[in-house]
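Student: Pasting input-v5.txt here (compact mmCIF, C-alpha atoms and all ligand atoms):
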```txt
# COMPACT_ATOMS: atom_id res chain seq x y z
CA MET A 1 99.77 110.21 48.42
CA ASN A 2 100.79 109.19 51.91
CA GLN A 3 103.06 111.93 53.24
CA LEU A 4 105.30 109.44 54.94
CA GLN A 5 105.87 107.47 51.75
CA ASP A 6 109.53 106.81 51.12
CA PHE A 7 110.40 107.17 54.83
CA ILE A 8 113.31 104.73 54.44
CA LEU A 9 114.54 106.25 51.17
CA ASP A 10 117.00 109.12 50.87
CA ASP A 11 116.80 112.17 48.61
CA GLU A 12 118.64 110.45 45.79
CA ASP A 13 116.26 107.47 45.94
CA ARG A 14 113.28 109.83 45.85
CA SER A 15 114.63 111.69 42.83
CA PHE A 16 115.17 108.34 41.16
CA ARG A 17 111.55 107.39 41.89
CA ALA A 18 110.33 110.64 40.32
CA GLU A 19 112.45 110.03 37.23
CA VAL A 20 111.31 106.41 36.86
CA ARG A 21 107.69 107.39 37.35
CA ALA A 22 107.94 109.94 34.53
CA PHE A 23 109.76 107.42 32.31
CA LEU A 24 107.11 104.73 32.84
CA ALA A 25 104.29 107.22 32.32
CA ARG A 26 105.83 107.86 28.90
CA GLU A 27 106.86 104.34 27.93
CA LEU A 28 104.60 101.87 29.77
CA GLU A 29 101.32 103.64 30.43
CA PRO A 30 100.43 104.19 26.75
CA ARG A 31 101.04 100.48 26.10
CA ALA A 32 99.32 99.11 29.22
CA SER A 33 95.99 98.52 27.50
CA ALA A 34 97.64 96.65 24.61
CA ILE A 35 99.35 94.41 27.19
CA GLU A 36 96.14 93.79 29.13
CA ASP A 37 93.50 93.75 26.38
CA GLU A 38 95.48 92.31 23.47
CA ASP A 39 98.00 90.16 25.37
CA SER A 40 100.57 92.03 23.32
CA TRP A 41 104.08 90.62 23.68
CA ASP A 42 105.29 93.24 21.19
CA ALA A 43 104.18 95.98 23.58
CA VAL A 44 105.99 94.26 26.47
CA LYS A 45 109.16 93.91 24.42
CA ALA A 46 109.07 97.53 23.30
CA VAL A 47 109.04 98.70 26.93
CA VAL A 48 111.81 96.24 27.91
CA ARG A 49 113.86 97.64 25.05
CA SER A 50 113.35 101.22 26.19
CA LEU A 51 114.16 100.27 29.80
CA GLY A 52 117.39 98.71 28.56
CA GLU A 53 118.26 101.72 26.43
CA ALA A 54 117.71 104.01 29.41
CA GLY A 55 120.09 101.85 31.47
CA TYR A 56 117.48 100.74 34.03
CA LEU A 57 118.37 97.06 33.67
CA THR A 58 121.91 97.73 34.89
CA LEU A 59 120.83 98.94 38.33
CA MET A 60 121.96 95.74 40.05
CA PHE A 61 125.44 95.82 38.51
CA LYS A 62 127.69 98.61 39.76
CA ASP A 63 130.41 97.81 37.19
CA LEU A 64 127.97 98.00 34.27
CA TYR A 65 125.71 100.78 35.50
CA ARG A 66 125.51 103.88 33.36
CA GLY A 67 123.50 106.58 35.04
CA TRP A 68 123.65 109.32 37.61
CA LEU A 69 123.05 107.37 40.85
CA ALA A 70 126.07 107.34 43.15
CA LYS A 71 125.24 103.87 44.50
CA PRO A 72 122.79 102.01 42.29
CA GLY A 73 121.42 98.79 43.71
CA LEU A 74 118.48 96.69 44.83
CA THR A 75 116.73 99.70 46.37
CA HIS A 76 116.48 101.24 42.92
CA ALA A 77 115.54 97.99 41.19
CA THR A 78 112.76 97.65 43.78
CA ILE A 79 111.57 101.22 43.14
CA LEU A 80 111.48 100.38 39.42
CA SER A 81 109.49 97.24 40.19
CA GLU A 82 107.02 99.14 42.37
CA GLU A 83 106.45 101.91 39.86
CA ALA A 84 106.00 99.47 36.96
CA ALA A 85 103.64 97.20 38.92
CA ALA A 86 101.57 100.22 39.90
CA ILE A 87 100.83 100.62 36.19
CA ASN A 88 100.85 96.98 35.05
CA TYR A 89 102.01 94.04 37.17
CA ALA A 90 102.19 91.72 34.14
CA PHE A 91 104.80 93.91 32.57
CA GLU A 92 106.75 94.16 35.81
CA THR A 93 107.27 90.38 35.83
CA THR A 94 109.34 90.82 32.68
CA ILE A 95 111.69 93.18 34.53
CA GLY A 96 111.89 90.75 37.45
CA THR A 97 112.77 87.88 35.13
CA ALA A 98 115.33 89.98 33.22
CA LEU A 99 117.12 90.85 36.45
CA SER A 100 116.89 87.30 37.83
CA CYS A 101 118.50 86.03 34.66
CA ALA A 102 121.11 88.76 34.39
CA TYR A 103 122.20 88.40 38.01
CA PRO A 104 123.56 84.81 37.90
CA LEU A 105 125.08 85.49 34.47
CA HIS A 106 126.89 88.49 35.88
CA ARG A 107 128.03 86.75 39.05
CA TYR A 108 128.68 83.15 38.02
CA ALA A 109 129.14 82.87 34.23
CA ALA A 110 132.52 82.27 32.60
CA PRO A 111 133.77 85.56 31.06
CA ALA A 112 133.06 84.50 27.46
CA VAL A 113 129.53 83.35 28.33
CA ARG A 114 128.82 86.52 30.29
CA GLU A 115 130.10 88.56 27.36
CA ARG A 116 127.88 86.68 24.95
CA TYR A 117 124.53 86.83 26.80
CA LEU A 118 124.51 89.46 29.53
CA GLY A 119 124.98 92.61 27.43
CA ASP A 120 121.90 91.99 25.31
CA ILE A 121 119.72 91.31 28.36
CA ILE A 122 120.68 94.45 30.23
CA ASP A 123 120.39 96.50 27.05
CA GLY A 124 116.83 95.20 26.66
CA ARG A 125 117.64 93.62 23.30
CA SER A 126 117.06 90.09 24.51
CA VAL A 127 114.89 88.43 27.12
CA GLY A 128 115.90 85.78 29.63
CA ALA A 129 114.11 82.96 31.45
CA ILE A 130 114.80 80.97 34.60
CA GLY A 131 113.90 77.29 34.79
CA VAL A 132 113.56 75.86 38.28
CA THR A 133 109.98 74.57 38.63
CA GLU A 134 109.03 71.09 37.37
CA PRO A 135 105.91 68.93 37.49
CA ALA A 136 107.17 67.09 40.60
CA ALA A 137 109.16 69.95 42.10
CA GLY A 138 107.58 73.30 42.96
CA SER A 139 108.30 74.64 46.44
CA ASP A 140 110.35 71.51 47.07
CA THR A 141 113.29 72.18 44.78
CA SER A 142 115.17 69.19 46.19
CA ARG A 143 112.92 67.01 44.00
CA LEU A 144 114.16 68.33 40.66
CA GLN A 145 114.22 65.56 38.06
CA THR A 146 116.05 67.39 35.26
CA ARG A 147 119.39 65.71 34.65
CA ILE A 148 122.52 67.52 33.51
CA SER A 149 125.28 65.09 32.57
CA TYR A 150 128.71 65.66 31.09
CA ASP A 151 129.77 64.14 27.77
CA GLU A 152 133.56 63.79 27.96
CA ALA A 153 133.90 63.08 24.24
CA SER A 154 132.24 66.27 23.01
CA ARG A 155 133.01 68.32 26.18
CA GLU A 156 129.36 69.31 26.42
CA TRP A 157 126.64 69.30 29.08
CA VAL A 158 123.63 67.22 28.07
CA ILE A 159 120.29 68.23 29.59
CA ASN A 160 117.08 66.21 29.82
CA GLY A 161 113.94 67.28 31.66
CA LEU A 162 110.64 69.12 31.69
CA LYS A 163 110.16 72.53 33.32
CA ARG A 164 106.78 74.12 33.95
CA TYR A 165 105.50 77.57 34.82
CA ILE A 166 108.50 79.19 33.18
CA SER A 167 108.07 82.92 32.52
CA ASN A 168 109.03 83.89 28.96
CA ALA A 169 109.03 80.23 27.80
CA GLY A 170 109.29 80.18 24.03
CA VAL A 171 110.01 83.90 23.67
CA ALA A 172 113.21 84.14 25.72
CA ASP A 173 116.58 84.34 23.99
CA VAL A 174 118.46 82.65 26.82
CA TYR A 175 117.39 80.16 29.52
CA ILE A 176 119.10 79.44 32.83
CA MET A 177 118.16 75.87 33.61
CA TYR A 178 118.57 74.10 36.93
CA GLY A 179 119.05 70.36 37.17
CA VAL A 180 120.82 67.54 38.95
CA THR A 181 124.45 66.86 38.10
CA ASP A 182 125.08 64.52 41.03
CA PRO A 183 122.13 62.20 41.73
CA GLU A 184 124.07 60.54 44.59
CA ALA A 185 124.51 63.79 46.55
CA PRO A 186 122.20 64.56 49.51
CA ALA A 187 118.95 66.32 48.56
CA GLY A 188 119.62 69.81 47.21
CA LYS A 189 123.40 69.34 47.12
CA GLY A 190 123.88 67.97 43.61
CA LEU A 191 122.13 70.80 41.73
CA SER A 192 123.72 72.89 39.01
CA ALA A 193 122.66 75.67 36.65
CA VAL A 194 123.47 75.86 32.94
CA VAL A 195 122.91 78.49 30.28
CA VAL A 196 120.87 77.32 27.30
CA PRO A 197 120.47 79.66 24.32
CA ALA A 198 117.16 79.68 22.43
CA GLY A 199 117.28 77.61 19.27
CA THR A 200 119.44 74.87 20.79
CA PRO A 201 118.32 71.55 19.25
CA GLY A 202 116.10 69.54 21.62
CA LEU A 203 114.65 72.63 23.35
CA THR A 204 110.86 72.77 22.88
CA PHE A 205 107.87 74.49 24.44
CA PRO A 206 104.99 72.03 24.68
CA ARG A 207 102.48 74.22 26.53
CA ARG A 208 101.58 77.84 27.14
CA TYR A 209 99.34 78.57 30.15
CA THR A 210 96.28 80.78 30.34
CA PHE A 211 96.09 82.57 33.68
CA MET A 212 93.26 84.38 35.46
CA GLY A 213 95.40 87.54 35.38
CA ARG A 214 98.80 88.85 34.32
CA ARG A 215 97.71 89.16 30.69
CA GLY A 216 100.57 89.93 28.35
CA CYS A 217 102.91 87.65 30.29
CA ILE A 218 104.02 84.50 28.59
CA VAL A 219 104.44 81.48 30.87
CA GLY A 220 104.75 77.89 29.73
CA GLU A 221 106.54 74.58 29.74
CA VAL A 222 110.08 74.03 28.51
CA GLU A 223 111.12 70.54 27.53
CA MET A 224 114.74 69.51 27.03
CA LYS A 225 115.57 66.31 25.16
CA ASP A 226 119.31 65.73 24.82
CA VAL A 227 119.92 69.47 24.77
CA ARG A 228 123.66 70.09 24.46
CA VAL A 229 125.58 73.17 25.55
CA PRO A 230 129.35 73.76 25.66
CA ARG A 231 131.28 73.01 28.84
CA ASP A 232 131.69 76.70 29.75
CA HIS A 233 127.89 77.17 29.86
CA MET A 234 127.80 75.81 33.43
CA LEU A 235 127.29 78.65 35.94
CA GLY A 236 129.91 78.47 38.68
CA GLU A 237 131.00 74.94 39.52
CA PRO A 238 128.88 71.79 39.23
CA GLY A 239 126.97 71.41 42.51
CA GLN A 240 126.67 75.17 43.13
CA GLY A 241 123.08 75.32 41.84
CA THR A 242 121.40 75.65 45.23
CA ARG A 243 123.74 78.47 46.22
CA ILE A 244 123.06 80.32 42.97
CA MET A 245 119.31 79.80 43.38
CA VAL A 246 119.28 81.07 46.97
CA SER A 247 121.28 84.20 46.11
CA MET A 248 118.83 84.93 43.31
CA PHE A 249 115.73 84.30 45.44
CA ASN A 250 116.87 86.73 48.11
CA PHE A 251 117.00 89.74 45.85
CA GLU A 252 114.04 88.57 43.79
CA ARG A 253 111.93 88.64 46.97
CA ALA A 254 112.68 92.31 47.61
CA ILE A 255 111.79 93.05 43.99
CA LEU A 256 108.55 91.11 44.40
CA GLY A 257 107.92 93.16 47.53
CA GLY A 258 108.09 96.18 45.23
CA SER A 259 105.61 94.56 42.84
CA GLY A 260 103.18 93.85 45.68
CA LEU A 261 103.51 97.40 46.88
CA GLY A 262 102.83 98.82 43.41
CA VAL A 263 99.66 96.74 42.98
CA ALA A 264 98.48 97.54 46.54
CA ARG A 265 99.09 101.25 46.11
CA THR A 266 97.04 101.44 42.90
CA ALA A 267 94.20 99.42 44.45
CA PHE A 268 94.25 101.70 47.48
CA GLY A 269 94.06 104.82 45.31
CA ILE A 270 91.01 103.47 43.49
CA ALA A 271 89.27 102.54 46.76
CA ARG A 272 90.11 105.85 48.43
CA ASP A 273 88.79 107.92 45.52
CA HIS A 274 85.57 105.93 45.39
CA ALA A 275 85.05 106.16 49.16
CA GLN A 276 85.27 109.93 48.92
CA THR A 277 82.96 110.41 45.96
CA ARG A 278 80.29 107.70 45.97
CA GLU A 279 77.24 108.43 48.12
CA ALA A 280 75.03 105.92 49.89
CA PHE A 281 72.43 106.42 52.60
CA GLY A 282 72.82 110.19 52.45
CA GLN A 283 76.58 110.31 52.97
CA LYS A 284 79.85 109.60 51.23
CA LEU A 285 80.81 105.93 51.51
CA GLY A 286 84.04 106.85 53.32
CA SER A 287 82.09 108.23 56.27
CA LYS A 288 80.65 104.78 57.03
CA GLN A 289 82.59 102.97 59.72
CA LEU A 290 82.81 99.68 57.86
CA ILE A 291 84.36 101.51 54.92
CA TRP A 292 86.75 103.86 56.75
CA SER A 293 87.93 100.98 58.87
CA THR A 294 88.74 99.02 55.70
CA VAL A 295 90.54 102.03 54.21
CA ALA A 296 92.58 102.32 57.42
CA GLU A 297 93.54 98.65 57.22
CA MET A 298 94.62 98.97 53.59
CA SER A 299 96.67 102.00 54.54
CA TRP A 300 98.57 100.49 57.48
CA ARG A 301 99.21 97.27 55.60
CA ILE A 302 100.74 99.25 52.72
CA ASP A 303 102.97 101.20 55.09
CA ALA A 304 104.11 97.97 56.79
CA ALA A 305 104.82 96.42 53.39
CA GLU A 306 106.75 99.48 52.30
CA LEU A 307 108.92 99.54 55.42
CA LEU A 308 109.71 95.82 55.17
CA THR A 309 110.37 95.93 51.43
CA TYR A 310 112.79 98.82 51.51
CA ARG A 311 114.43 97.52 54.67
CA ALA A 312 115.24 94.29 52.80
CA ALA A 313 116.52 96.20 49.78
CA LYS A 314 118.63 98.56 51.90
CA LEU A 315 120.09 95.62 53.85
CA TYR A 316 121.11 93.99 50.59
CA ASP A 317 122.68 97.23 49.37
CA ALA A 318 124.58 97.44 52.66
CA GLY A 319 126.18 94.08 51.90
CA ILE A 320 123.89 91.74 53.88
CA THR A 321 123.33 88.56 51.85
CA GLY A 322 122.76 84.82 52.17
CA LYS A 323 121.18 83.47 55.37
CA GLU A 324 121.18 86.86 57.06
CA LEU A 325 119.02 88.35 54.34
CA ALA A 326 116.67 85.36 54.06
CA LYS A 327 114.34 86.44 56.88
CA PRO A 328 114.01 90.15 56.01
CA ALA A 329 113.60 89.30 52.30
CA ALA A 330 110.94 86.68 53.09
CA MET A 331 109.09 89.14 55.35
CA ALA A 332 109.10 91.77 52.61
CA LYS A 333 107.78 89.34 50.02
CA LEU A 334 105.17 87.82 52.34
CA VAL A 335 103.72 91.07 53.66
CA ALA A 336 103.82 93.05 50.41
CA THR A 337 102.30 90.32 48.23
CA GLU A 338 99.57 89.45 50.76
CA THR A 339 98.88 93.18 51.07
CA ALA A 340 98.44 93.37 47.30
CA VAL A 341 95.84 90.60 47.44
CA PHE A 342 94.10 92.21 50.43
CA CYS A 343 93.99 95.67 48.88
CA ALA A 344 92.88 94.44 45.46
CA ASP A 345 90.09 92.42 47.10
CA ARG A 346 88.93 95.30 49.33
CA ALA A 347 89.07 97.78 46.44
CA VAL A 348 86.69 95.56 44.48
CA GLN A 349 84.37 95.34 47.49
CA ILE A 350 84.34 99.11 48.10
CA LEU A 351 83.52 99.68 44.42
CA GLY A 352 80.62 97.21 44.50
CA GLY A 353 79.40 96.31 40.99
CA ASP A 354 81.88 98.74 39.45
CA GLY A 355 84.66 96.67 41.01
CA ILE A 356 83.94 93.57 38.97
CA THR A 357 83.29 95.11 35.59
CA LYS A 358 85.80 96.08 32.95
CA GLU A 359 83.77 99.22 32.22
CA TYR A 360 84.65 101.08 35.43
CA GLY A 361 88.40 101.07 35.74
CA ARG A 362 91.08 98.63 36.76
CA ALA A 363 89.92 97.14 40.06
CA GLU A 364 88.94 93.82 38.47
CA GLN A 365 92.30 93.57 36.69
CA LEU A 366 94.23 94.26 39.88
CA TYR A 367 92.17 91.58 41.65
CA ARG A 368 93.05 89.00 38.99
CA ASP A 369 96.68 90.06 38.72
CA ALA A 370 97.40 90.26 42.44
CA ARG A 371 96.52 86.63 43.11
CA ALA A 372 99.74 85.36 41.52
CA LEU A 373 101.95 87.39 43.85
CA PRO A 374 101.82 85.13 46.94
CA ILE A 375 102.60 82.12 44.70
CA VAL A 376 105.46 83.25 42.46
CA GLY A 377 109.05 83.52 43.67
CA GLY A 378 108.40 81.25 46.66
CA THR A 379 104.91 80.95 48.16
CA SER A 380 103.67 82.68 51.32
CA GLU A 381 103.97 79.35 53.14
CA MET A 382 107.64 79.06 52.15
CA ALA A 383 108.22 82.65 53.27
CA ARG A 384 106.73 81.80 56.69
CA TYR A 385 109.04 78.81 56.86
CA LEU A 386 112.11 80.98 56.19
CA ILE A 387 111.04 83.48 58.85
CA ALA A 388 110.32 80.78 61.44
CA SER A 389 113.57 78.94 60.65
CA ALA A 390 115.51 82.06 61.59
CA ASP A 391 113.43 82.55 64.74
CA LEU A 392 113.54 78.94 65.95
CA PRO A 393 117.15 77.85 65.39
CA ASP A 394 117.00 75.20 68.15
CA VAL A 395 113.92 73.50 66.77
CA LYS A 396 114.48 73.35 62.98
CA PRO A 397 110.90 73.73 61.73
CA ASN A 398 110.16 70.99 59.21
CA LEU A 399 108.45 71.26 55.88
C1 LIG B 1 102.72 83.10 36.81
C2 LIG B 1 103.82 82.24 37.28
C3 LIG B 1 105.12 82.46 36.81
C4 LIG B 1 106.16 81.64 37.24
N1 LIG B 1 107.42 81.82 36.73
C5 LIG B 1 108.39 80.92 37.03
C6 LIG B 1 109.67 80.98 36.41
O1 LIG B 1 109.94 81.89 35.61
N2 LIG B 1 110.59 80.04 36.71
C7 LIG B 1 110.33 79.03 37.60
O2 LIG B 1 111.21 78.21 37.83
N3 LIG B 1 109.11 78.94 38.22
C8 LIG B 1 108.15 79.86 37.96
N4 LIG B 1 106.92 79.77 38.55
C9 LIG B 1 106.66 78.67 39.47
C10 LIG B 1 106.51 79.11 40.92
O3 LIG B 1 107.77 79.44 41.44
C11 LIG B 1 105.82 77.94 41.65
O4 LIG B 1 104.48 77.92 41.21
C12 LIG B 1 105.89 78.08 43.15
O5 LIG B 1 107.21 77.95 43.61
C13 LIG B 1 105.03 77.02 43.85
O6 LIG B 1 105.25 75.74 43.33
P1 LIG B 1 103.99 74.84 42.87
O7 LIG B 1 103.12 75.68 42.01
O8 LIG B 1 104.51 73.58 42.33
O9 LIG B 1 103.18 74.56 44.21
P2 LIG B 1 103.53 73.47 45.33
O10 LIG B 1 104.94 73.55 45.73
O11 LIG B 1 103.01 72.16 44.88
O12 LIG B 1 102.66 73.99 46.54
C14 LIG B 1 101.24 73.96 46.52
C15 LIG B 1 100.76 74.66 47.80
O13 LIG B 1 101.21 73.90 48.93
C16 LIG B 1 101.98 74.74 49.79
N5 LIG B 1 103.04 73.92 50.39
C17 LIG B 1 104.00 73.20 49.77
N6 LIG B 1 104.79 72.59 50.67
C18 LIG B 1 104.31 72.94 51.90
C19 LIG B 1 104.69 72.63 53.25
N7 LIG B 1 105.74 71.85 53.53
N8 LIG B 1 103.98 73.16 54.26
C20 LIG B 1 102.91 73.97 53.99
N9 LIG B 1 102.51 74.29 52.75
C21 LIG B 1 103.20 73.79 51.71
C22 LIG B 1 102.53 75.83 48.89
O14 LIG B 1 102.93 76.97 49.63
C23 LIG B 1 101.35 76.06 47.98
O15 LIG B 1 100.41 76.89 48.63
C24 LIG B 1 105.89 80.60 38.15
C25 LIG B 1 104.58 80.40 38.63
C26 LIG B 1 103.56 81.19 38.19
C27 LIG B 1 102.17 80.94 38.70
```
Before anything else, please render the file you have as structure tokens.
Tutor:
Amino acid sequence: MNQLQDFILDDEDRSFRAEVRAFLARELEPRASAIEDEDSWDAVKAVVRSLGEAGYLTLMFKDLYRGWLAKPGLTHATILSEEAAAINYAFETTIGTALSCAYPLHRYAAPAVRERYLGDIIDGRSVGAIGVTEPAAGSDTSRLQTRISYDEASREWVINGLKRYISNAGVADVYIMYGVTDPEAPAGKGLSAVVVPAGTPGLTFPRRYTFMGRRGCIVGEVEMKDVRVPRDHMLGEPGQGTRIMVSMFNFERAILGGSGLGVARTAFGIARDHAQTREAFGQKLGSKQLIWSTVAEMSWRIDAAELLTYRAAKLYDAGITGKELAKPAAMAKLVATETAVFCADRAVQILGGDGITKEYGRAEQLYRDARALPIVGGTSEMARYLIASADLPDVKPNL
């Protein structure tokens, strides 16, 4: 282990990391092969349940937190993400989604709605989903077609639309769905978010995707045809959807930084061990310049990712949010997720044939899993845009 690891973290954070690592070694590691080899949703749910029981899903909510940390927050949620992704990135996405769903419920839901849905999510008894992406609207969320209209007679919101690439589609207990409430408003201004419980008539799941990696994760389409929810199921006020989305993306990006870091760290460990044991041309692989140079590049990229990721998390915990956090959060996500892809790819290369077989360890799985990281939660291109927008305020970079 890199001696400088955790440079930005304090003693309490480090103790928390040690505790979480031991917890996940007990709860996640024994189930990791069922998640990867059998696509086992039951195994995923069992770990989510134990995370909830241990209180780890309350880390983002100081008023609900039950544990020993003096100041729980995004730093600790990011540590959790990193440690889980180091074992199994597919599982980690379930934590990310749980927190992304719990956060807007905690911050924006009417008290009765929060009471009804939030407790079960943070206790790990139920699973949430977030519905932003649509066939015509991926990175460009101003193109959302889903319509949310108000029926005065029944005092209900009526939702119509098709979402795609939704994590936990069909297995979630509660969905936070984004759509347009004011089609006349300027692009991005008329968006709102509503809470839709599973089982609501008109909510269906037409397709489940098969991905190159992230086995055990369930991702699919969600279709809404005249789906009705009570008036108080709107999060915040109508038209606040973009604000809610942006606040969620900011902390999600630090958490994804943690995921990238976890994947990169595991890939690095595999490559480093192989470089020090495998012999070729009379010497250990690691003594060959092309190999040690690659190991060095993996190492400095991981350190850079770590510093950026925990800087973003610490800034958030210090009360920096909104536009001010957008650039550091985007940098964390960009560098850590691209580092995961780089390290997974180089680990495979250093292992040679062993790197692309299932018989010799996890390098091939990391390679398949890592590729999603620069796409989910805002692509690398969108992260670059956010960084450049902060750096070029007089120019307004276009998309
Ligand atoms: C495994 C997985 C899980 C997901 N889970 C969820 C979820 O739970 N909820 C949810 O709402 N969404 C989810 N998504 C969707 C994800 O957020 C989107 O895939 C992502 O935002 C990109 O959108 P897109 O796939 O439509 O690509 P597009 O937006 O069509 O982009 C395609 C490519 O073009 C690039 N690009 C786009 N515009 C520009 C530009 N102006 N300049 C330069 N390059 C550009 C993009 O960066 C990308 O590389 C998930 C996706 C995956 C793969």
Student: In Å, how far is it from CA of Tyr367 in chain A to CA of Thr339 in chain A?
Tutor: 11.7 Å
Student: Using all atoms listed in the file and a cutoff of 10 Å, can you tell me which residues are near (116.8, 96.7, 53.6) in the file's coordinates, and write them out as a list in words?
Tutor: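 These residues have at least one counted atom within 10 Å: Ile8, Leu74, Thr75, Ala254, Leu307, Leu308, Thr309, Tyr310, Arg311, Ala312, Ala313, Lys314, Leu315, Tyr316, Asp317, Ala318, Gly319, Ile320, Leu325, Pro328, Ala329 and Ala332 of chain A.
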Student: Skipping near chain neighbours, those fewer than 5 positions away, what residues fall within 12 Å of Trp68 in chain A using only C-alpha atoms, listed as a VMD selection string?
Tutor: chain A and resid 12 to 13 15 to 16 19 54 to 56 59 62
Student: Using all atoms listed in the file, find the one residue out of A:Gly262, A:Pro230, A:Gly202, A:Gly52 that sits nearest to Ser149 in chain A.
Tutor: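 Between A:Gly262, A:Pro230, A:Gly202, A:Gly52, the residue approaching Ser149 in chain A most closely is A:Pro230.
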Student: Residues within 12 Å of Ile302 in chain A, please, as number ranges by chain. Count all atoms listed in the file; anything in the same chain fewer than 5 positions from it doesn't count.
Tutor: A: 1-2, 4-6, 257-269, 295-297, 307-309, 332, 335-344
Student: Which residues come within 7 Å of Val180 in chain A, counting only C-alpha atoms, excluding same-chain residues fewer than 4 positions away, as a PyMOL selection string?
Tutor: chain A and resi 144-148+190-192
Student: Give as a ChimeraX atom specification the residues surrounding ligand LIG 1 (chain B) up to a distance of 9 Å, considering only C-alpha atoms and all ligand atoms.
Tutor: /A:93,97,129-141,163-169,177-178,209,211,213-214,217-220,372-383,385,398-399
Student: Rank nothing, just name the residue among A:Leu57, A:Ala305, A:Ala193, A:Leu162 nearest to Asp120 in chain A, using all atoms listed in the file.
Tutor: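 Using all atoms listed in the file, Asp120 in chain A sits closest to A:Leu57.
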